[in-house]
file data01.cif (mmCIF, C-alpha atoms, pLDDT in the B column; chains and numbers go by the auth columns)
data_my_file
loop_
_atom_site.group_PDB
_atom_site.id
_atom_site.type_symbol
_atom_site.label_atom_id
_atom_site.label_comp_id
_atom_site.label_asym_id
_atom_site.label_seq_id
_atom_site.Cartn_x
_atom_site.Cartn_y
_atom_site.Cartn_z
_atom_site.B_iso_or_equiv
_atom_site.auth_seq_id
_atom_site.auth_asym_id
ATOM 1 C CA MET A 1 -17.447 12.812 -9.533 73.00 206 A
ATOM 2 C CA THR A 2 -14.147 10.990 -9.999 80.00 207 A
ATOM 3 C CA THR A 3 -11.344 12.510 -12.046 90.00 208 A
ATOM 4 C CA THR A 4 -7.757 11.500 -12.667 91.00 209 A
ATOM 5 C CA LYS A 5 -5.031 14.104 -12.644 91.00 210 A
ATOM 6 C CA LYS A 6 -1.303 13.857 -13.129 93.00 211 A
ATOM 7 C CA ILE A 7 1.310 15.430 -10.917 92.00 212 A
ATOM 8 C CA ASN A 8 5.017 15.688 -11.641 93.00 213 A
ATOM 9 C CA ALA A 9 7.427 14.698 -8.867 89.00 214 A
ATOM 10 C CA ASN A 10 11.120 14.977 -9.724 86.00 215 A
ATOM 11 C CA GLY A 11 10.403 14.308 -13.394 87.00 216 A
ATOM 12 C CA THR A 12 8.092 11.349 -12.778 87.00 217 A
ATOM 13 C CA GLU A 13 4.455 11.643 -13.794 92.00 218 A
ATOM 14 C CA ILE A 14 2.159 10.240 -11.090 93.00 219 A
ATOM 15 C CA SER A 15 -1.581 9.639 -11.429 93.00 220 A
ATOM 16 C CA VAL A 16 -3.887 10.845 -8.671 92.00 221 A
ATOM 17 C CA LEU A 17 -7.519 9.728 -8.546 90.00 222 A
ATOM 18 C CA LEU A 18 -9.585 12.595 -7.140 89.00 223 A
ATOM 19 C CA GLN A 19 -13.009 11.697 -5.817 83.00 224 A
ATOM 20 C CA GLY A 20 -14.017 15.096 -4.509 77.00 225 A
ATOM 21 C CA ASN A 21 -13.817 14.092 -0.858 76.00 226 A
ATOM 22 C CA GLU A 22 -11.132 12.841 1.503 74.00 227 A
ATOM 23 C CA ASN A 23 -10.810 9.531 -0.382 79.00 228 A
ATOM 24 C CA ASP A 24 -8.279 10.467 -3.058 83.00 229 A
ATOM 25 C CA TYR A 25 -5.774 7.871 -4.239 86.00 230 A
ATOM 26 C CA ILE A 26 -2.217 8.116 -5.553 88.00 231 A
ATOM 27 C CA CYS A 27 -0.804 5.500 -7.929 90.00 232 A
ATOM 28 C CA LEU A 28 1.914 3.453 -6.213 89.00 233 A
ATOM 29 C CA THR A 29 2.866 1.843 -9.532 91.00 234 A
ATOM 30 C CA ASP A 30 3.733 5.254 -10.963 92.00 235 A
ATOM 31 C CA ILE A 31 5.902 5.987 -7.916 91.00 236 A
ATOM 32 C CA ALA A 32 7.616 2.578 -8.163 92.00 237 A
ATOM 33 C CA ARG A 33 8.298 3.220 -11.846 90.00 238 A
ATOM 34 C CA PHE A 34 10.746 5.944 -10.752 88.00 239 A
ATOM 35 C CA LYS A 35 12.918 3.296 -9.053 88.00 240 A
ATOM 36 C CA ASP A 36 12.647 0.527 -11.691 90.00 241 A
ATOM 37 C CA ASN A 37 10.535 0.939 -14.819 88.00 242 A
ATOM 38 C CA GLN A 38 10.435 -2.793 -15.598 92.00 243 A
ATOM 39 C CA ARG A 39 9.850 -4.322 -12.151 92.00 244 A
ATOM 40 C CA THR A 40 7.322 -2.104 -10.399 90.00 245 A
ATOM 41 C CA ASP A 41 5.564 -5.143 -8.919 87.00 246 A
ATOM 42 C CA TYR A 42 8.722 -6.150 -7.020 87.00 247 A
ATOM 43 C CA ILE A 43 9.260 -2.612 -5.776 90.00 248 A
ATOM 44 C CA ILE A 44 5.738 -2.498 -4.333 88.00 249 A
ATOM 45 C CA GLN A 45 5.960 -6.028 -2.910 84.00 250 A
ATOM 46 C CA ASN A 46 9.229 -5.198 -1.123 86.00 251 A
ATOM 47 C CA TRP A 47 7.749 -1.965 0.215 87.00 252 A
ATOM 48 C CA MET A 48 4.737 -3.867 1.523 84.00 253 A
ATOM 49 C CA ARG A 49 6.866 -6.278 3.543 81.00 254 A
ATOM 50 C CA ALA A 50 8.708 -3.539 5.416 86.00 255 A
ATOM 51 C CA ARG A 51 7.831 -3.221 9.092 88.00 256 A
ATOM 52 C CA ASN A 52 7.217 0.554 8.856 92.00 257 A
ATOM 53 C CA THR A 53 4.777 0.028 5.991 89.00 258 A
ATOM 54 C CA ILE A 54 2.868 -2.631 7.917 88.00 259 A
ATOM 55 C CA GLU A 55 2.689 -0.343 10.962 91.00 260 A
ATOM 56 C CA TYR A 56 1.357 2.503 8.789 91.00 261 A
ATOM 57 C CA LEU A 57 -1.248 0.262 7.151 88.00 262 A
ATOM 58 C CA GLY A 58 -2.388 -0.948 10.578 91.00 263 A
ATOM 59 C CA VAL A 59 -2.929 2.589 11.847 93.00 264 A
ATOM 60 C CA TRP A 60 -4.738 3.555 8.632 88.00 265 A
ATOM 61 C CA GLU A 61 -7.015 0.503 8.869 89.00 266 A
ATOM 62 C CA GLN A 62 -7.836 1.211 12.531 91.00 267 A
ATOM 63 C CA LEU A 63 -8.896 4.739 11.592 91.00 268 A
ATOM 64 C CA HIS A 64 -10.825 3.957 8.408 85.00 269 A
ATOM 65 C CA ASN A 65 -11.967 0.323 8.413 89.00 270 A
ATOM 66 C CA PRO A 66 -14.795 -0.592 10.811 92.00 271 A
ATOM 67 C CA ASN A 67 -14.230 -4.301 9.954 92.00 272 A
ATOM 68 C CA PHE A 68 -10.514 -4.196 10.798 91.00 273 A
ATOM 69 C CA ASN A 69 -9.359 -7.264 12.722 90.00 274 A
ATOM 70 C CA PRO A 70 -6.515 -6.139 15.044 90.00 275 A
ATOM 71 C CA ILE A 71 -5.820 -9.673 16.293 90.00 276 A
ATOM 72 C CA GLU A 72 -5.280 -11.016 12.778 87.00 277 A
ATOM 73 C CA PHE A 73 -3.212 -7.917 11.998 88.00 278 A
ATOM 74 C CA ASP A 74 -0.866 -8.704 14.905 89.00 279 A
ATOM 75 C CA GLY A 75 0.238 -11.792 12.954 84.00 280 A
ATOM 76 C CA PHE A 76 1.221 -9.600 10.004 79.00 281 A
ATOM 77 C CA ARG A 77 3.000 -7.102 12.218 87.00 282 A
ATOM 78 C CA ASN A 78 4.973 -9.796 14.049 87.00 283 A
ATOM 79 C CA GLN A 79 6.155 -11.339 10.765 84.00 284 A
ATOM 80 C CA SER A 80 6.906 -8.092 8.940 83.00 285 A
ATOM 81 C CA GLY A 81 10.522 -7.386 8.152 78.00 286 A
ATOM 82 C CA LEU A 82 11.523 -11.055 8.240 80.00 287 A
ATOM 83 C CA ASN A 83 13.081 -12.518 5.088 78.00 288 A
ATOM 84 C CA SER A 84 10.345 -15.152 4.986 81.00 289 A
ATOM 85 C CA PHE A 85 7.531 -12.567 5.104 79.00 290 A
ATOM 86 C CA SER A 86 5.787 -11.389 1.971 77.00 291 A
ATOM 87 C CA LEU A 87 2.514 -9.574 1.467 73.00 292 A
ATOM 88 C CA THR A 88 0.793 -8.562 -1.740 69.00 293 A
ATOM 89 C CA PRO A 89 -2.035 -6.045 -2.178 66.00 294 A
ATOM 90 C CA LYS A 90 -4.375 -8.922 -3.017 68.00 295 A
ATOM 91 C CA GLU A 91 -3.518 -10.738 0.235 66.00 296 A
ATOM 92 C CA LEU A 92 -3.887 -7.567 2.281 60.00 297 A
ATOM 93 C CA ASP A 93 -7.315 -6.879 0.786 59.00 298 A
ATOM 94 C CA TRP A 94 -8.463 -10.364 1.697 44.00 299 A
ATOM 95 C CA HIS A 95 -7.287 -10.191 5.309 46.00 300 A
ATOM 96 C CA VAL A 96 -8.291 -6.728 6.527 43.00 301 A
#
call {"tool": "encode", "arguments": {"input": "data01.cif", "output": "structure tokens"}}
result
Amino acid sequence: MTTTKKINANGTEISVLLQGNENDYICLTDIARFKDNQRTDYIIQNWMRARNTIEYLGVWEQLHNPNFNPIEFDGFRNQSGLNSFSLTPKELDWHV
């Protein structure tokens, strides 16, 4: 059974999708809204191009995604942090 709950972090209400197992999800858009209420998409896109974020996503995918392609991921990791690098959630979903 899936339920959505709200938590309050420093005055910001954040949605958490609880699925009753270890696959709960927290809303990144709600977190980004704390930084800039009007441009949450840019906040998330900038977060996703950071090298530390890419490294974290790679580790998470290795642990949880049996179809993870580490060779293709190396291309993302090598480009991450560069001014020319951008990655959106839609692109990430397509590649890994």
call {"tool": "atom_distance", "arguments": {"input": "data01.cif", "atom1": "atom CA of Gly280 of chain A", "atom2": "atom CA of Ile248 of chain A"}}
result
22.7 Å
call {"tool": "resolve_selection", "arguments": {"input": "data01.cif", "expression": "the PyMOL selection byres ((chain A and resi 288) around 12)", "output": "list in words"}}
result
Asn251, Arg254, Ala255, Arg256, Gln284, Ser285, Gly286, Leu287, Ser289, Phe290, Ser291 and Leu292 of chain A
call {"tool": "residues_around", "arguments": {"input": "data01.cif", "residues": "Gly225 of chain A", "least_positions_apart": "5", "cutoff": "12 Å", "atoms": "all atoms listed in the file", "output": "ChimeraX atom specification"}}
result
/A:206-209,230
call {"tool": "residues_around", "arguments": {"input": "data01.cif", "residues": "Lys211 of chain A", "least_positions_apart": "6", "cutoff": "10 Å", "atoms": "only C-alpha atoms", "output": "list in words"}}
result
Thr217, Glu218, Ile219, Ser220, Val221, Leu222, Ile231 and Cys232 of chain A
call {"tool": "atom_distance", "arguments": {"input": "data01.cif", "atom1": "atom CA of Ala237 of chain A", "atom2": "atom CA of Trp252 of chain A"}}
result
9.5 Å
call {"tool": "atom_distance", "arguments": {"input": "data01.cif", "atom1": "atom CA of Arg244 of chain A", "atom2": "atom CA of Lys210 of chain A"}}
result
23.7 Å
call {"tool": "axis_aligned_box", "arguments": {"input": "data01.cif", "around": "segment 243-251 of chain A", "padding_each_side": "8 Å", "output": "JSON"}}
result
{"center_x": 8.0, "center_y": -4.1, "center_z": -8.4, "size_x": 20.9, "size_y": 20.0, "size_z": 30.5}
call {"tool": "closest_residue", "arguments": {"input": "data01.cif", "among": "A:Leu233, A:Leu223, A:Ile212, A:Ile276", "to": "Met253 of chain A", "atoms": "only C-alpha atoms"}}
result
A:Leu233
call {"tool": "decode", "arguments": {"input": "data01.cif", "residues": "segment 223-265 of chain A", "atoms": "N, CA and C atoms", "output": "PDB file, in the first residue's frame"}}
result
ATOM      1  N   LEU A 223       5.572   6.723   0.780  1.00  0.00           N
ATOM      2  CA  LEU A 223       5.880   5.527   1.566  1.00  0.00           C
ATOM      3  C   LEU A 223       5.217   4.323   0.918  1.00  0.00           C
ATOM      4  N   GLN A 224       6.024   3.330   0.599  1.00  0.00           N
ATOM      5  CA  GLN A 224       5.492   2.140  -0.065  1.00  0.00           C
ATOM      6  C   GLN A 224       5.458   0.925   0.847  1.00  0.00           C
ATOM      7  N   GLY A 225       5.827   1.090   2.085  1.00  0.00           N
ATOM      8  CA  GLY A 225       5.746  -0.009   3.033  1.00  0.00           C
ATOM      9  C   GLY A 225       6.904  -0.981   2.949  1.00  0.00           C
ATOM     10  N   ASN A 226       7.936  -0.622   2.211  1.00  0.00           N
ATOM     11  CA  ASN A 226       9.134  -1.453   2.128  1.00  0.00           C
ATOM     12  C   ASN A 226      10.335  -0.515   2.095  1.00  0.00           C
ATOM     13  N   GLU A 227      11.432  -0.945   1.564  1.00  0.00           N
ATOM     14  CA  GLU A 227      12.622  -0.103   1.528  1.00  0.00           C
ATOM     15  C   GLU A 227      12.636   0.847   0.338  1.00  0.00           C
ATOM     16  N   ASN A 228      11.581   0.900  -0.438  1.00  0.00           N
ATOM     17  CA  ASN A 228      11.526   1.732  -1.640  1.00  0.00           C
ATOM     18  C   ASN A 228      10.678   2.976  -1.427  1.00  0.00           C
ATOM     19  N   ASP A 229      10.995   3.769  -0.420  1.00  0.00           N
ATOM     20  CA  ASP A 229      10.306   5.023  -0.183  1.00  0.00           C
ATOM     21  C   ASP A 229      10.993   6.119  -0.991  1.00  0.00           C
ATOM     22  N   TYR A 230      10.251   7.157  -1.333  1.00  0.00           N
ATOM     23  CA  TYR A 230      10.785   8.227  -2.162  1.00  0.00           C
ATOM     24  C   TYR A 230      10.509   9.580  -1.525  1.00  0.00           C
ATOM     25  N   ILE A 231      11.474  10.495  -1.646  1.00  0.00           N
ATOM     26  CA  ILE A 231      11.322  11.846  -1.138  1.00  0.00           C
ATOM     27  C   ILE A 231      11.274  12.787  -2.346  1.00  0.00           C
ATOM     28  N   CYS A 232      10.467  13.819  -2.265  1.00  0.00           N
ATOM     29  CA  CYS A 232      10.242  14.718  -3.391  1.00  0.00           C
ATOM     30  C   CYS A 232      11.366  15.748  -3.508  1.00  0.00           C
ATOM     31  N   LEU A 233      12.194  15.616  -4.538  1.00  0.00           N
ATOM     32  CA  LEU A 233      13.279  16.565  -4.764  1.00  0.00           C
ATOM     33  C   LEU A 233      12.752  17.958  -5.112  1.00  0.00           C
ATOM     34  N   THR A 234      11.615  18.020  -5.794  1.00  0.00           N
ATOM     35  CA  THR A 234      11.040  19.320  -6.146  1.00  0.00           C
ATOM     36  C   THR A 234      10.681  20.105  -4.895  1.00  0.00           C
ATOM     37  N   ASP A 235      10.139  19.429  -3.897  1.00  0.00           N
ATOM     38  CA  ASP A 235       9.812  20.113  -2.639  1.00  0.00           C
ATOM     39  C   ASP A 235      11.076  20.632  -1.958  1.00  0.00           C
ATOM     40  N   ILE A 236      12.153  19.869  -2.014  1.00  0.00           N
ATOM     41  CA  ILE A 236      13.416  20.306  -1.416  1.00  0.00           C
ATOM     42  C   ILE A 236      13.961  21.501  -2.201  1.00  0.00           C
ATOM     43  N   ALA A 237      13.924  21.435  -3.522  1.00  0.00           N
ATOM     44  CA  ALA A 237      14.424  22.532  -4.357  1.00  0.00           C
ATOM     45  C   ALA A 237      13.614  23.805  -4.154  1.00  0.00           C
ATOM     46  N   ARG A 238      12.348  23.650  -3.839  1.00  0.00           N
ATOM     47  CA  ARG A 238      11.476  24.808  -3.608  1.00  0.00           C
ATOM     48  C   ARG A 238      11.990  25.681  -2.454  1.00  0.00           C
ATOM     49  N   PHE A 239      12.693  25.074  -1.504  1.00  0.00           N
ATOM     50  CA  PHE A 239      13.282  25.825  -0.396  1.00  0.00           C
ATOM     51  C   PHE A 239      14.297  26.841  -0.913  1.00  0.00           C
ATOM     52  N   LYS A 240      15.072  26.462  -1.916  1.00  0.00           N
ATOM     53  CA  LYS A 240      16.113  27.332  -2.478  1.00  0.00           C
ATOM     54  C   LYS A 240      15.524  28.399  -3.401  1.00  0.00           C
ATOM     55  N   ASP A 241      14.608  28.001  -4.296  1.00  0.00           N
ATOM     56  CA  ASP A 241      14.014  28.934  -5.258  1.00  0.00           C
ATOM     57  C   ASP A 241      12.636  28.411  -5.649  1.00  0.00           C
ATOM     58  N   ASN A 242      11.611  29.068  -5.167  1.00  0.00           N
ATOM     59  CA  ASN A 242      10.232  28.610  -5.353  1.00  0.00           C
ATOM     60  C   ASN A 242       9.794  28.621  -6.824  1.00  0.00           C
ATOM     61  N   GLN A 243      10.383  29.480  -7.633  1.00  0.00           N
ATOM     62  CA  GLN A 243       9.944  29.622  -9.019  1.00  0.00           C
ATOM     63  C   GLN A 243      10.753  28.786 -10.018  1.00  0.00           C
ATOM     64  N   ARG A 244      11.957  28.383  -9.653  1.00  0.00           N
ATOM     65  CA  ARG A 244      12.840  27.714 -10.613  1.00  0.00           C
ATOM     66  C   ARG A 244      13.362  26.378 -10.085  1.00  0.00           C
ATOM     67  N   THR A 245      12.471  25.564  -9.575  1.00  0.00           N
ATOM     68  CA  THR A 245      12.888  24.281  -9.003  1.00  0.00           C
ATOM     69  C   THR A 245      13.545  23.374 -10.043  1.00  0.00           C
ATOM     70  N   ASP A 246      13.105  23.472 -11.294  1.00  0.00           N
ATOM     71  CA  ASP A 246      13.687  22.638 -12.347  1.00  0.00           C
ATOM     72  C   ASP A 246      15.174  22.944 -12.541  1.00  0.00           C
ATOM     73  N   TYR A 247      15.561  24.199 -12.464  1.00  0.00           N
ATOM     74  CA  TYR A 247      16.972  24.570 -12.607  1.00  0.00           C
ATOM     75  C   TYR A 247      17.794  24.112 -11.401  1.00  0.00           C
ATOM     76  N   ILE A 248      17.191  24.194 -10.235  1.00  0.00           N
ATOM     77  CA  ILE A 248      17.897  23.737  -9.029  1.00  0.00           C
ATOM     78  C   ILE A 248      18.226  22.254  -9.158  1.00  0.00           C
ATOM     79  N   ILE A 249      17.240  21.459  -9.562  1.00  0.00           N
ATOM     80  CA  ILE A 249      17.447  20.014  -9.694  1.00  0.00           C
ATOM     81  C   ILE A 249      18.422  19.711 -10.834  1.00  0.00           C
ATOM     82  N   GLN A 250      18.296  20.413 -11.954  1.00  0.00           N
ATOM     83  CA  GLN A 250      19.205  20.173 -13.074  1.00  0.00           C
ATOM     84  C   GLN A 250      20.644  20.486 -12.683  1.00  0.00           C
ATOM     85  N   ASN A 251      20.869  21.566 -11.955  1.00  0.00           N
ATOM     86  CA  ASN A 251      22.230  21.904 -11.519  1.00  0.00           C
ATOM     87  C   ASN A 251      22.759  20.885 -10.518  1.00  0.00           C
ATOM     88  N   TRP A 252      21.896  20.402  -9.642  1.00  0.00           N
ATOM     89  CA  TRP A 252      22.304  19.371  -8.688  1.00  0.00           C
ATOM     90  C   TRP A 252      22.716  18.094  -9.420  1.00  0.00           C
ATOM     91  N   MET A 253      21.963  17.778 -10.479  1.00  0.00           N
ATOM     92  CA  MET A 253      22.218  16.533 -11.206  1.00  0.00           C
ATOM     93  C   MET A 253      23.492  16.577 -12.035  1.00  0.00           C
ATOM     94  N   ARG A 254      24.046  17.752 -12.275  1.00  0.00           N
ATOM     95  CA  ARG A 254      25.279  17.800 -13.064  1.00  0.00           C
ATOM     96  C   ARG A 254      26.519  17.827 -12.185  1.00  0.00           C
ATOM     97  N   ALA A 255      26.330  17.888 -10.883  1.00  0.00           N
ATOM     98  CA  ALA A 255      27.471  17.914  -9.967  1.00  0.00           C
ATOM     99  C   ALA A 255      28.144  16.542  -9.909  1.00  0.00           C
ATOM    100  N   ARG A 256      29.440  16.550  -9.843  1.00  0.00           N
ATOM    101  CA  ARG A 256      30.207  15.293  -9.825  1.00  0.00           C
ATOM    102  C   ARG A 256      29.815  14.393  -8.643  1.00  0.00           C
ATOM    103  N   ASN A 257      29.641  14.973  -7.455  1.00  0.00           N
ATOM    104  CA  ASN A 257      29.265  14.170  -6.285  1.00  0.00           C
ATOM    105  C   ASN A 257      27.908  13.503  -6.470  1.00  0.00           C
ATOM    106  N   THR A 258      26.985  14.201  -7.102  1.00  0.00           N
ATOM    107  CA  THR A 258      25.665  13.616  -7.366  1.00  0.00           C
ATOM    108  C   THR A 258      25.776  12.445  -8.323  1.00  0.00           C
ATOM    109  N   ILE A 259      26.552  12.623  -9.384  1.00  0.00           N
ATOM    110  CA  ILE A 259      26.734  11.552 -10.370  1.00  0.00           C
ATOM    111  C   ILE A 259      27.379  10.334  -9.713  1.00  0.00           C
ATOM    112  N   GLU A 260      28.378  10.566  -8.874  1.00  0.00           N
ATOM    113  CA  GLU A 260      29.026   9.459  -8.155  1.00  0.00           C
ATOM    114  C   GLU A 260      28.011   8.719  -7.284  1.00  0.00           C
ATOM    115  N   TYR A 261      27.185   9.469  -6.559  1.00  0.00           N
ATOM    116  CA  TYR A 261      26.165   8.861  -5.696  1.00  0.00           C
ATOM    117  C   TYR A 261      25.182   8.039  -6.532  1.00  0.00           C
ATOM    118  N   LEU A 262      24.713   8.609  -7.633  1.00  0.00           N
ATOM    119  CA  LEU A 262      23.752   7.887  -8.476  1.00  0.00           C
ATOM    120  C   LEU A 262      24.366   6.608  -9.044  1.00  0.00           C
ATOM    121  N   GLY A 263      25.658   6.655  -9.379  1.00  0.00           N
ATOM    122  CA  GLY A 263      26.326   5.458  -9.884  1.00  0.00           C
ATOM    123  C   GLY A 263      26.385   4.347  -8.854  1.00  0.00           C
ATOM    124  N   VAL A 264      26.715   4.703  -7.627  1.00  0.00           N
ATOM    125  CA  VAL A 264      26.754   3.697  -6.548  1.00  0.00           C
ATOM    126  C   VAL A 264      25.364   3.132  -6.315  1.00  0.00           C
ATOM    127  N   TRP A 265      24.352   4.019  -6.268  1.00  0.00           N
ATOM    128  CA  TRP A 265      22.978   3.567  -6.036  1.00  0.00           C
ATOM    129  C   TRP A 265      22.544   2.611  -7.140  1.00  0.00           C
TER     130      TRP A 265
END
